[in-house]
Amino acid sequence: MIAEILTIGDELLRGEIVDSNKAFLAERLLQLEIETRFQTSVRDDPADMRDAFLRARERADVVLVSGGLGPTRDDLTIEVLAQTLGRELVLHEPSLAEIRAFFARLGREMAEINAKQAWLPAGADVLANPVGTAPGCGLEAPREGGRAPALFFCLPGVPRELMKMMDEQVLPRLEARLARAGRSPRAMRAVLLRTFGLGESNLDQELRDVAREADVALGFRTAFPDNYLRPVARGATAEEAEARLAKVCDAIRERLGALVYGTGDETMEQVVGALLAARGLTLATAESCTGGRVGERLTAVPGASRYYRGGAIAYADEAKRDLLGVPGDLLERHGAVSAEVARAMAEGARRRFGADLAVSTTGISGPDGGTPEKPVGLVFVGFASADASEALELFLPLDRERHRALTAQVALDRVRRHLLGEPPLAPRFGRERGR
């Protein structure tokens, strides 16, 4: 079965928003082994939309349409699709009642233009929207040549609404359709493994002999500063697919070790926080070049107060001295961007906040401020515990934004590796200068 994903909206083609709906829908279709062969985006223009609908009908068995279900004048999906397929629009009274009830729950009166969302193609299979106002719909589109009709599903463009409707209503309908046609899909299981510290091509090289057997595949994706692995396994049953997936994940973890830091939606800060909480330890931060990014990421995790004591953004030399107790003569002799100062910053943060552990950052993110001895891109990540302090020296020749983002990730990873009993890691896509 071939699918096309069609997203509608001027804002998509103007680059105002990132079209994440395509990726989500394609991933969900893959669970049923429905191949997404086409992805299209069009403006809120009736002629363009009609052309896209007709093309999709002839070349795809399933067409998922996202966007254009709202109440405003530029929301034209349902109207244009009905015209294209020769369907009359009719008022669906239960949907209108649901829309009114939605606004009542919010303590608001429904604007009359919202009633437009309850006008749907005659004979359509209505898809309820429990988290929004726009119902979706499914309908068959006859095709030429005696072929089975194409199946259209119209979904909201709002990701939260689209995801819920896809998972709870569209996927079960597709699965039932496949079963009626005697084409029940094989079971498929997949997982996302998050890695940090090794580039995409190096990961593929390290795993060159992993996931090479039938019914198992391994995908790679860069999401700076991380790289993601996506093992996929298929089987005649869910148990068989799960067993194959577990086997390949075990092989990946055995090969990569601590380079794999999380699964699914887990972030580095969530993993670090869970490790700190599990061990009953606390952390403080001292940041210069990262400007508070490490602390911001830590406190974005609910419950961070259990393990995060606080941090200092010590950008100027005076702040390093007054807030963190970095000796003035140390700053004069070695400069703010140095291993000695990075260690002193971590030690000072640990003392100042009464934490078990502390991590620090100091570097030259650019584009100015570098010298031949200390070029733009040079950075030090300090770390202090009750036993010792140290600093990792790296040269990261990146633009300012990516330099700061990568430095923050290195700092969090330094804490994670200490908690796991692993040695510090210099990412291979940077260059370690070392001391």
# chains A, B, ... in the order shown; residues from 1 in each chain; ligands from 1
>>> select_by_dssp(residues="range 50-133 of chain A", states="helix (DSSP H, G or I)", output="ChimeraX atom specification")
/A:50-59,77-84,93-105,112-118
>>> write_last_selection(atoms="N, CA and C atoms", output="mmCIF file, in the first residue's frame")
data_model
loop_
_atom_site.group_PDB
_atom_site.id
_atom_site.type_symbol
_atom_site.label_atom_id
_atom_site.label_comp_id
_atom_site.auth_asym_id
_atom_site.auth_seq_id
_atom_site.Cartn_x
_atom_site.Cartn_y
_atom_site.Cartn_z
ATOM 1 N N ARG A 50 -6.572 21.593 -5.561
ATOM 2 C CA ARG A 50 -7.298 20.653 -6.426
ATOM 3 C C ARG A 50 -6.308 19.796 -7.212
ATOM 4 N N ASP A 51 -5.272 20.432 -7.761
ATOM 5 C CA ASP A 51 -4.258 19.697 -8.517
ATOM 6 C C ASP A 51 -3.567 18.656 -7.641
ATOM 7 N N ALA A 52 -3.245 19.036 -6.410
ATOM 8 C CA ALA A 52 -2.575 18.102 -5.491
ATOM 9 C C ALA A 52 -3.479 16.938 -5.122
ATOM 10 N N PHE A 53 -4.767 17.223 -4.891
ATOM 11 C CA PHE A 53 -5.713 16.149 -4.556
ATOM 12 C C PHE A 53 -5.838 15.142 -5.708
ATOM 13 N N LEU A 54 -5.930 15.641 -6.927
ATOM 14 C CA LEU A 54 -6.095 14.751 -8.076
ATOM 15 C C LEU A 54 -4.845 13.902 -8.311
ATOM 16 N N ARG A 55 -3.682 14.506 -8.173
ATOM 17 C CA ARG A 55 -2.438 13.747 -8.328
ATOM 18 C C ARG A 55 -2.335 12.668 -7.254
ATOM 19 N N ALA A 56 -2.632 13.038 -6.029
ATOM 20 C CA ALA A 56 -2.526 12.082 -4.923
ATOM 21 C C ALA A 56 -3.511 10.937 -5.106
ATOM 22 N N ARG A 57 -4.707 11.230 -5.561
ATOM 23 C CA ARG A 57 -5.717 10.183 -5.742
ATOM 24 C C ARG A 57 -5.242 9.111 -6.715
ATOM 25 N N GLU A 58 -4.553 9.514 -7.767
ATOM 26 C CA GLU A 58 -4.158 8.561 -8.798
ATOM 27 C C GLU A 58 -2.893 7.786 -8.461
ATOM 28 N N ARG A 59 -2.013 8.358 -7.603
ATOM 29 C CA ARG A 59 -0.736 7.678 -7.374
ATOM 30 C C ARG A 59 -0.585 7.078 -5.976
ATOM 31 N N THR A 77 -9.528 23.358 3.013
ATOM 32 C CA THR A 77 -9.282 21.960 2.665
ATOM 33 C C THR A 77 -10.559 21.175 2.410
ATOM 34 N N ILE A 78 -11.469 21.205 3.362
ATOM 35 C CA ILE A 78 -12.696 20.412 3.243
ATOM 36 C C ILE A 78 -13.519 20.869 2.036
ATOM 37 N N GLU A 79 -13.666 22.172 1.871
ATOM 38 C CA GLU A 79 -14.459 22.714 0.771
ATOM 39 C C GLU A 79 -13.885 22.310 -0.585
ATOM 40 N N VAL A 80 -12.559 22.459 -0.756
ATOM 41 C CA VAL A 80 -11.940 22.162 -2.048
ATOM 42 C C VAL A 80 -11.919 20.662 -2.309
ATOM 43 N N LEU A 81 -11.669 19.861 -1.276
ATOM 44 C CA LEU A 81 -11.660 18.410 -1.473
ATOM 45 C C LEU A 81 -13.046 17.913 -1.864
ATOM 46 N N ALA A 82 -14.073 18.448 -1.221
ATOM 47 C CA ALA A 82 -15.439 18.041 -1.562
ATOM 48 C C ALA A 82 -15.757 18.388 -3.015
ATOM 49 N N GLN A 83 -15.394 19.588 -3.450
ATOM 50 C CA GLN A 83 -15.623 19.985 -4.834
ATOM 51 C C GLN A 83 -14.854 19.088 -5.799
ATOM 52 N N THR A 84 -13.600 18.786 -5.447
ATOM 53 C CA THR A 84 -12.748 17.964 -6.320
ATOM 54 C C THR A 84 -13.324 16.568 -6.504
ATOM 55 N N GLU A 93 -24.431 17.741 12.539
ATOM 56 C CA GLU A 93 -24.936 18.327 13.788
ATOM 57 C C GLU A 93 -24.162 17.856 15.022
ATOM 58 N N PRO A 94 -23.786 16.558 15.144
ATOM 59 C CA PRO A 94 -23.023 16.144 16.329
ATOM 60 C C PRO A 94 -21.686 16.883 16.449
ATOM 61 N N SER A 95 -21.037 17.154 15.313
ATOM 62 C CA SER A 95 -19.775 17.899 15.370
ATOM 63 C C SER A 95 -20.007 19.333 15.813
ATOM 64 N N LEU A 96 -21.084 19.943 15.336
ATOM 65 C CA LEU A 96 -21.394 21.317 15.761
ATOM 66 C C LEU A 96 -21.658 21.360 17.261
ATOM 67 N N ALA A 97 -22.352 20.358 17.768
ATOM 68 C CA ALA A 97 -22.598 20.306 19.215
ATOM 69 C C ALA A 97 -21.294 20.149 19.985
ATOM 70 N N GLU A 98 -20.371 19.338 19.459
ATOM 71 C CA GLU A 98 -19.074 19.150 20.122
ATOM 72 C C GLU A 98 -18.269 20.443 20.122
ATOM 73 N N ILE A 99 -18.324 21.196 19.031
ATOM 74 C CA ILE A 99 -17.587 22.459 18.960
ATOM 75 C C ILE A 99 -18.138 23.441 19.993
ATOM 76 N N ARG A 100 -19.473 23.518 20.092
ATOM 77 C CA ARG A 100 -20.072 24.415 21.089
ATOM 78 C C ARG A 100 -19.685 23.985 22.501
ATOM 79 N N ALA A 101 -19.679 22.683 22.737
ATOM 80 C CA ALA A 101 -19.322 22.178 24.058
ATOM 81 C C ALA A 101 -17.864 22.480 24.384
ATOM 82 N N PHE A 102 -17.007 22.423 23.370
ATOM 83 C CA PHE A 102 -15.579 22.727 23.571
ATOM 84 C C PHE A 102 -15.409 24.143 24.115
ATOM 85 N N PHE A 103 -16.083 25.103 23.491
ATOM 86 C CA PHE A 103 -15.970 26.487 23.951
ATOM 87 C C PHE A 103 -16.632 26.671 25.317
ATOM 88 N N ALA A 104 -17.698 25.950 25.568
ATOM 89 C CA ALA A 104 -18.372 26.065 26.859
ATOM 90 C C ALA A 104 -17.450 25.605 27.981
ATOM 91 N N ARG A 105 -16.683 24.556 27.716
ATOM 92 C CA ARG A 105 -15.743 24.067 28.752
ATOM 93 C C ARG A 105 -14.691 25.114 29.071
ATOM 94 N N GLU A 112 -19.507 32.491 15.554
ATOM 95 C CA GLU A 112 -20.324 31.809 14.547
ATOM 96 C C GLU A 112 -19.492 31.228 13.409
ATOM 97 N N ILE A 113 -18.326 31.818 13.141
ATOM 98 C CA ILE A 113 -17.513 31.279 12.044
ATOM 99 C C ILE A 113 -17.011 29.872 12.350
ATOM 100 N N ASN A 114 -16.987 29.478 13.646
ATOM 101 C CA ASN A 114 -16.546 28.125 13.981
ATOM 102 C C ASN A 114 -17.519 27.067 13.493
ATOM 103 N N ALA A 115 -18.769 27.462 13.211
ATOM 104 C CA ALA A 115 -19.742 26.496 12.699
ATOM 105 C C ALA A 115 -19.306 25.941 11.352
ATOM 106 N N LYS A 116 -18.486 26.703 10.635
ATOM 107 C CA LYS A 116 -17.954 26.239 9.342
ATOM 108 C C LYS A 116 -17.262 24.892 9.470
ATOM 109 N N GLN A 117 -16.642 24.629 10.626
ATOM 110 C CA GLN A 117 -15.871 23.403 10.811
ATOM 111 C C GLN A 117 -16.753 22.158 10.892
ATOM 112 N N ALA A 118 -18.036 22.338 11.079
ATOM 113 C CA ALA A 118 -18.952 21.193 11.163
ATOM 114 C C ALA A 118 -19.566 20.842 9.813
#
>>> residues_around(residues="range 361-371 of chain A", least_positions_apart="5", cutoff="10 Å", atoms="only C-alpha atoms", output="ChimeraX atom specification")
/A:285-292,294,313-315,336-339,341-343,345-346,376-383,391-404,407-408,410-411
>>> write_last_selection(atoms="N, CA and C atoms", output="compact mmCIF listing (two decimals), in the first residue's frame")
# COMPACT_ATOMS: atom_id res chain seq x y z
N THR A 285 26.66 24.66 39.04
CA THR A 285 27.27 25.02 37.76
C THR A 285 27.92 26.39 37.85
N ALA A 286 28.98 26.56 37.07
CA ALA A 286 29.67 27.85 36.93
C ALA A 286 29.90 28.05 35.44
N GLU A 287 29.25 29.06 34.85
CA GLU A 287 29.29 29.21 33.40
C GLU A 287 29.80 30.58 32.98
N SER A 288 30.65 30.54 31.99
CA SER A 288 31.10 31.77 31.35
C SER A 288 30.60 31.78 29.91
N CYS A 289 31.25 31.06 28.99
CA CYS A 289 30.89 31.15 27.58
C CYS A 289 29.49 30.62 27.28
N THR A 290 28.97 29.70 28.07
CA THR A 290 27.63 29.16 27.82
C THR A 290 26.52 30.03 28.40
N GLY A 291 26.85 31.01 29.20
CA GLY A 291 25.88 32.02 29.62
C GLY A 291 24.65 31.51 30.33
N GLY A 292 24.74 30.39 31.04
CA GLY A 292 23.60 29.87 31.78
C GLY A 292 22.87 28.74 31.10
N VAL A 294 23.69 25.58 30.66
CA VAL A 294 23.70 24.32 31.40
C VAL A 294 22.68 24.35 32.51
N ILE A 313 26.54 32.63 36.58
CA ILE A 313 27.00 33.04 35.25
C ILE A 313 28.09 34.08 35.48
N ALA A 314 29.31 33.63 35.45
CA ALA A 314 30.46 34.48 35.77
C ALA A 314 31.18 34.82 34.48
N TYR A 315 30.69 35.85 33.79
CA TYR A 315 31.22 36.17 32.46
C TYR A 315 32.51 37.00 32.55
N ALA A 336 41.37 33.98 31.64
CA ALA A 336 40.07 33.40 32.00
C ALA A 336 39.80 32.11 31.25
N VAL A 337 40.31 32.00 30.04
CA VAL A 337 40.10 30.78 29.25
C VAL A 337 41.33 29.90 29.42
N SER A 338 41.27 29.06 30.44
CA SER A 338 42.41 28.19 30.77
C SER A 338 41.92 27.03 31.62
N ALA A 339 42.70 25.98 31.63
CA ALA A 339 42.37 24.81 32.45
C ALA A 339 42.36 25.17 33.92
N VAL A 341 41.73 28.05 35.40
CA VAL A 341 40.55 28.83 35.79
C VAL A 341 39.30 27.96 35.72
N ALA A 342 39.21 27.09 34.74
CA ALA A 342 38.03 26.20 34.66
C ALA A 342 37.94 25.33 35.90
N ARG A 343 39.07 24.80 36.36
CA ARG A 343 39.06 23.98 37.59
C ARG A 343 38.66 24.83 38.79
N MET A 345 36.89 27.53 38.84
CA MET A 345 35.46 27.87 38.75
C MET A 345 34.59 26.73 39.28
N ALA A 346 34.92 25.50 38.89
CA ALA A 346 34.15 24.34 39.36
C ALA A 346 34.31 24.17 40.86
N VAL A 376 39.65 31.34 18.51
CA VAL A 376 38.20 31.18 18.61
C VAL A 376 37.88 29.69 18.48
N GLY A 377 37.03 29.21 19.37
CA GLY A 377 36.69 27.78 19.40
C GLY A 377 37.30 27.05 20.58
N LEU A 378 38.33 27.64 21.20
CA LEU A 378 38.94 27.01 22.37
C LEU A 378 37.97 27.06 23.55
N VAL A 379 37.85 25.95 24.28
CA VAL A 379 36.96 25.90 25.42
C VAL A 379 37.50 24.92 26.45
N PHE A 380 37.22 25.21 27.72
CA PHE A 380 37.59 24.33 28.83
C PHE A 380 36.33 24.00 29.62
N VAL A 381 36.16 22.73 29.92
CA VAL A 381 35.06 22.28 30.77
C VAL A 381 35.67 21.73 32.05
N GLY A 382 35.41 22.43 33.16
CA GLY A 382 35.95 22.01 34.44
C GLY A 382 34.98 21.12 35.19
N PHE A 383 35.53 20.32 36.08
CA PHE A 383 34.69 19.43 36.89
C PHE A 383 35.33 19.27 38.26
N ALA A 391 40.09 19.58 34.26
CA ALA A 391 39.51 20.36 33.17
C ALA A 391 39.81 19.66 31.85
N LEU A 392 38.81 19.62 31.01
CA LEU A 392 38.93 19.07 29.67
C LEU A 392 39.09 20.22 28.70
N GLU A 393 40.13 20.18 27.89
CA GLU A 393 40.41 21.24 26.93
C GLU A 393 40.03 20.76 25.53
N LEU A 394 39.20 21.58 24.85
CA LEU A 394 38.73 21.22 23.52
C LEU A 394 38.86 22.40 22.57
N PHE A 395 39.02 22.06 21.30
CA PHE A 395 38.98 23.08 20.26
C PHE A 395 37.80 22.73 19.36
N LEU A 396 36.77 23.58 19.38
CA LEU A 396 35.54 23.34 18.64
C LEU A 396 35.36 24.45 17.61
N PRO A 397 35.88 24.28 16.39
CA PRO A 397 35.84 25.34 15.38
C PRO A 397 34.46 25.46 14.75
N LEU A 398 33.52 26.05 15.49
CA LEU A 398 32.14 26.17 15.06
C LEU A 398 31.68 27.61 15.17
N ASP A 399 30.52 27.91 14.60
CA ASP A 399 29.94 29.24 14.80
C ASP A 399 29.53 29.40 16.26
N ARG A 400 29.27 30.63 16.66
CA ARG A 400 29.03 30.95 18.07
C ARG A 400 27.89 30.12 18.68
N GLU A 401 26.77 30.02 17.96
CA GLU A 401 25.61 29.32 18.49
C GLU A 401 25.92 27.84 18.73
N ARG A 402 26.50 27.19 17.74
CA ARG A 402 26.79 25.75 17.89
C ARG A 402 27.92 25.50 18.88
N HIS A 403 28.86 26.43 18.96
CA HIS A 403 29.94 26.29 19.95
C HIS A 403 29.37 26.27 21.36
N ARG A 404 28.44 27.17 21.64
CA ARG A 404 27.84 27.24 22.97
C ARG A 404 26.97 26.02 23.25
N THR A 407 29.27 22.98 23.82
CA THR A 407 29.95 23.08 25.10
C THR A 407 29.02 22.71 26.25
N ALA A 408 27.77 23.17 26.19
CA ALA A 408 26.80 22.81 27.23
C ALA A 408 26.57 21.31 27.27
N VAL A 410 28.69 18.97 26.28
CA VAL A 410 29.91 18.34 26.82
C VAL A 410 29.90 18.43 28.34
N ALA A 411 29.48 19.59 28.88
CA ALA A 411 29.46 19.77 30.34
C ALA A 411 28.50 18.78 30.99
>>> residues_around(residues="range 30-40 of chain A", least_positions_apart="6", cutoff="8 Å", atoms="only C-alpha atoms", output="mmCIF file with all heavy atoms, in the first residue's frame")
data_model
loop_
_atom_site.group_PDB
_atom_site.id
_atom_site.type_symbol
_atom_site.label_atom_id
_atom_site.label_comp_id
_atom_site.auth_asym_id
_atom_site.auth_seq_id
_atom_site.Cartn_x
_atom_site.Cartn_y
_atom_site.Cartn_z
ATOM 1 N N MET A 1 0.852 -1.190 0.000
ATOM 2 C CA MET A 1 0.000 0.000 0.000
ATOM 3 C C MET A 1 0.889 1.241 0.000
ATOM 4 O O MET A 1 1.822 1.348 0.784
ATOM 5 C CB MET A 1 -0.925 -0.005 1.228
ATOM 6 C CG MET A 1 -1.916 1.141 1.239
ATOM 7 S SD MET A 1 -3.088 1.055 2.615
ATOM 8 C CE MET A 1 -4.211 -0.222 2.031
ATOM 9 N N ILE A 2 0.588 2.159 -0.902
ATOM 10 C CA ILE A 2 1.382 3.375 -1.066
ATOM 11 C C ILE A 2 0.624 4.557 -0.466
ATOM 12 O O ILE A 2 -0.593 4.685 -0.634
ATOM 13 C CB ILE A 2 1.663 3.641 -2.554
ATOM 14 C CG1 ILE A 2 2.531 2.508 -3.132
ATOM 15 C CG2 ILE A 2 2.339 4.992 -2.756
ATOM 16 C CD1 ILE A 2 2.659 2.561 -4.624
ATOM 17 N N ALA A 3 1.357 5.432 0.218
ATOM 18 C CA ALA A 3 0.738 6.598 0.852
ATOM 19 C C ALA A 3 1.352 7.888 0.348
ATOM 20 O O ALA A 3 2.515 7.930 -0.077
ATOM 21 C CB ALA A 3 0.881 6.519 2.368
ATOM 22 N N GLU A 4 0.554 8.938 0.399
ATOM 23 C CA GLU A 4 1.041 10.296 0.161
ATOM 24 C C GLU A 4 0.617 11.148 1.348
ATOM 25 O O GLU A 4 -0.517 11.039 1.828
ATOM 26 C CB GLU A 4 0.489 10.880 -1.136
ATOM 27 C CG GLU A 4 0.929 12.330 -1.350
ATOM 28 C CD GLU A 4 0.834 12.785 -2.794
ATOM 29 O OE1 GLU A 4 0.538 11.954 -3.669
ATOM 30 O OE2 GLU A 4 1.064 13.993 -3.041
ATOM 31 N N ILE A 5 1.527 12.004 1.801
ATOM 32 C CA ILE A 5 1.231 12.955 2.875
ATOM 33 C C ILE A 5 1.196 14.342 2.253
ATOM 34 O O ILE A 5 2.149 14.781 1.606
ATOM 35 C CB ILE A 5 2.283 12.882 3.990
ATOM 36 C CG1 ILE A 5 2.254 11.497 4.645
ATOM 37 C CG2 ILE A 5 2.040 13.967 5.044
ATOM 38 C CD1 ILE A 5 3.397 11.243 5.603
ATOM 39 N N LEU A 6 0.073 15.015 2.430
ATOM 40 C CA LEU A 6 -0.159 16.317 1.806
ATOM 41 C C LEU A 6 -0.438 17.345 2.896
ATOM 42 O O LEU A 6 -1.441 17.249 3.609
ATOM 43 C CB LEU A 6 -1.342 16.201 0.834
ATOM 44 C CG LEU A 6 -1.848 17.451 0.126
ATOM 45 C CD1 LEU A 6 -0.729 18.108 -0.656
ATOM 46 C CD2 LEU A 6 -2.999 17.084 -0.797
ATOM 47 N N THR A 7 0.457 18.316 3.053
ATOM 48 C CA THR A 7 0.255 19.359 4.068
ATOM 49 C C THR A 7 -0.074 20.673 3.367
ATOM 50 O O THR A 7 0.498 21.011 2.335
ATOM 51 C CB THR A 7 1.499 19.527 4.966
ATOM 52 O OG1 THR A 7 2.652 19.766 4.157
ATOM 53 C CG2 THR A 7 1.734 18.271 5.779
ATOM 54 N N LYS A 22 4.714 15.971 8.670
ATOM 55 C CA LYS A 22 5.078 14.961 7.677
ATOM 56 C C LYS A 22 5.867 13.827 8.321
ATOM 57 O O LYS A 22 5.604 12.641 8.069
ATOM 58 C CB LYS A 22 5.898 15.590 6.554
ATOM 59 C CG LYS A 22 5.119 16.397 5.544
ATOM 60 C CD LYS A 22 5.985 16.604 4.301
ATOM 61 C CE LYS A 22 5.282 17.444 3.251
ATOM 62 N NZ LYS A 22 5.468 18.876 3.486
ATOM 63 N N ALA A 52 -3.245 19.036 -6.410
ATOM 64 C CA ALA A 52 -2.575 18.102 -5.491
ATOM 65 C C ALA A 52 -3.479 16.938 -5.122
ATOM 66 O O ALA A 52 -3.032 15.784 -5.038
ATOM 67 C CB ALA A 52 -2.126 18.851 -4.237
ATOM 68 N N GLU A 175 -5.678 -0.160 9.820
ATOM 69 C CA GLU A 175 -5.395 -1.546 10.183
ATOM 70 C C GLU A 175 -6.579 -2.447 9.830
ATOM 71 O O GLU A 175 -6.418 -3.557 9.304
ATOM 72 C CB GLU A 175 -5.075 -1.636 11.673
ATOM 73 C CG GLU A 175 -4.372 -2.908 12.064
ATOM 74 C CD GLU A 175 -3.718 -2.804 13.430
ATOM 75 O OE1 GLU A 175 -3.991 -1.829 14.162
ATOM 76 O OE2 GLU A 175 -2.932 -3.697 13.763
ATOM 77 N N PRO A 185 -0.579 -6.319 8.240
ATOM 78 C CA PRO A 185 0.868 -6.093 8.234
ATOM 79 C C PRO A 185 1.578 -6.980 9.234
ATOM 80 O O PRO A 185 1.018 -7.413 10.233
ATOM 81 C CB PRO A 185 0.987 -4.619 8.645
ATOM 82 C CG PRO A 185 -0.224 -4.371 9.474
ATOM 83 C CD PRO A 185 -1.311 -5.198 8.856
ATOM 84 N N ARG A 186 2.831 -7.257 8.928
ATOM 85 C CA ARG A 186 3.681 -7.919 9.907
ATOM 86 C C ARG A 186 3.941 -6.936 11.042
ATOM 87 O O ARG A 186 3.865 -5.723 10.876
ATOM 88 C CB ARG A 186 4.994 -8.343 9.261
ATOM 89 C CG ARG A 186 4.820 -9.270 8.074
ATOM 90 C CD ARG A 186 6.152 -9.523 7.409
ATOM 91 N NE ARG A 186 6.988 -10.359 8.268
ATOM 92 C CZ ARG A 186 8.318 -10.310 8.275
ATOM 93 N NH1 ARG A 186 8.952 -9.445 7.522
ATOM 94 N NH2 ARG A 186 9.009 -11.113 9.050
ATOM 95 N N ALA A 187 4.269 -7.487 12.182
ATOM 96 C CA ALA A 187 4.549 -6.624 13.334
ATOM 97 C C ALA A 187 5.884 -5.908 13.123
ATOM 98 O O ALA A 187 6.832 -6.474 12.571
ATOM 99 C CB ALA A 187 4.598 -7.461 14.608
ATOM 100 N N MET A 188 5.936 -4.680 13.532
ATOM 101 C CA MET A 188 7.164 -3.898 13.453
ATOM 102 C C MET A 188 7.397 -3.186 14.774
ATOM 103 O O MET A 188 6.461 -2.658 15.369
ATOM 104 C CB MET A 188 7.082 -2.872 12.332
ATOM 105 C CG MET A 188 8.402 -2.175 12.055
ATOM 106 S SD MET A 188 8.194 -0.557 11.270
ATOM 107 C CE MET A 188 7.695 0.441 12.660
ATOM 108 N N ARG A 189 8.632 -3.197 15.233
ATOM 109 C CA ARG A 189 9.002 -2.482 16.444
ATOM 110 C C ARG A 189 10.250 -1.662 16.154
ATOM 111 O O ARG A 189 11.132 -2.097 15.409
ATOM 112 C CB ARG A 189 9.260 -3.443 17.604
ATOM 113 C CG ARG A 189 8.014 -4.193 18.077
ATOM 114 C CD ARG A 189 7.013 -3.242 18.699
ATOM 115 N NE ARG A 189 5.853 -3.935 19.239
ATOM 116 C CZ ARG A 189 4.745 -4.194 18.553
ATOM 117 N NH1 ARG A 189 4.661 -3.819 17.269
ATOM 118 N NH2 ARG A 189 3.727 -4.815 19.116
#
>>> residues_around(residues="Met166 in chain A", least_positions_apart="2", cutoff="10 Å", atoms="only C-alpha atoms", output="list in words")
Phe24, Leu25, Arg28, Leu29, Leu64, Leu127, Gly136, Phe153, Leu155, Pro156, Glu161, Leu162, Met163, Lys164, Glu168, Gln169, Val170, Leu171, Pro172 and Arg173 of chain A
>>> atom_distance(atom1="CA of Pro121 in chain A", atom2="CA of Cys154 in chain A")
11.0 Å
>>> closest_residue(among="A:Pro231, A:Gly132, A:Gly9, A:Gly295", to="Leu218 in chain A", atoms="only C-alpha atoms")
A:Pro231
>>> atom_distance(atom1="CA of Arg212 in chain A", atom2="CA of Glu240 in chain A")
17.0 Å
>>> atom_distance(atom1="CA of Gly348 in chain A", atom2="CA of Leu323 in chain A")
8.1 Å
>>> closest_residue(among="A:Glu347, A:Glu213, A:Asp61, A:Glu340", to="Gly325 in chain A", atoms="only C-alpha atoms")
A:Glu347
>>> select_by_dssp(residues="range 154-396 of chain A", states="strand (DSSP E or B)", output="number ranges by chain")
A: 154-155, 187-190, 193-195, 216-223, 226-235, 260-263, 283-287, 308-313, 357-363, 378-384, 389-395
>>> closest_residue(among="A:Cys249, A:His418, A:Leu298, A:Ala236", to="Leu207 in chain A", atoms="only C-alpha atoms")
A:Cys249
>>> closest_residue(among="A:Thr133, A:Val326, A:Glu206, A:Leu419", to="Gly273 in chain A", atoms="only C-alpha atoms")
A:Leu419
>>> decode(residues="range 56-76 of chain A", atoms="C-alpha atoms", output="short mmCIF file (atom, residue, chain, number, x, y, z; two decimals), in the first residue's frame")
data_model
loop_
_atom_site.label_atom_id
_atom_site.label_comp_id
_atom_site.auth_asym_id
_atom_site.auth_seq_id
_atom_site.Cartn_x
_atom_site.Cartn_y
_atom_site.Cartn_z
CA ALA A 56 -2.53 12.08 -4.92
CA ARG A 57 -5.72 10.18 -5.74
CA GLU A 58 -4.16 8.56 -8.80
CA ARG A 59 -0.74 7.68 -7.37
CA ALA A 60 -1.44 6.76 -3.74
CA ASP A 61 -3.76 4.31 -2.00
CA VAL A 62 -3.86 6.37 1.21
CA VAL A 63 -3.68 10.16 1.32
CA LEU A 64 -3.19 11.94 4.65
CA VAL A 65 -4.08 15.62 4.41
CA SER A 66 -2.95 17.96 7.20
CA GLY A 67 -4.08 21.54 7.71
CA GLY A 68 -6.78 23.86 6.47
CA LEU A 69 -9.57 22.62 8.77
CA GLY A 70 -9.88 25.83 10.78
CA PRO A 71 -12.72 28.36 10.75
CA THR A 72 -11.06 31.25 8.90
CA ARG A 73 -11.38 32.27 5.26
CA ASP A 74 -8.05 30.67 4.27
CA ASP A 75 -9.02 27.25 5.69
CA LEU A 76 -10.25 25.63 2.50
#
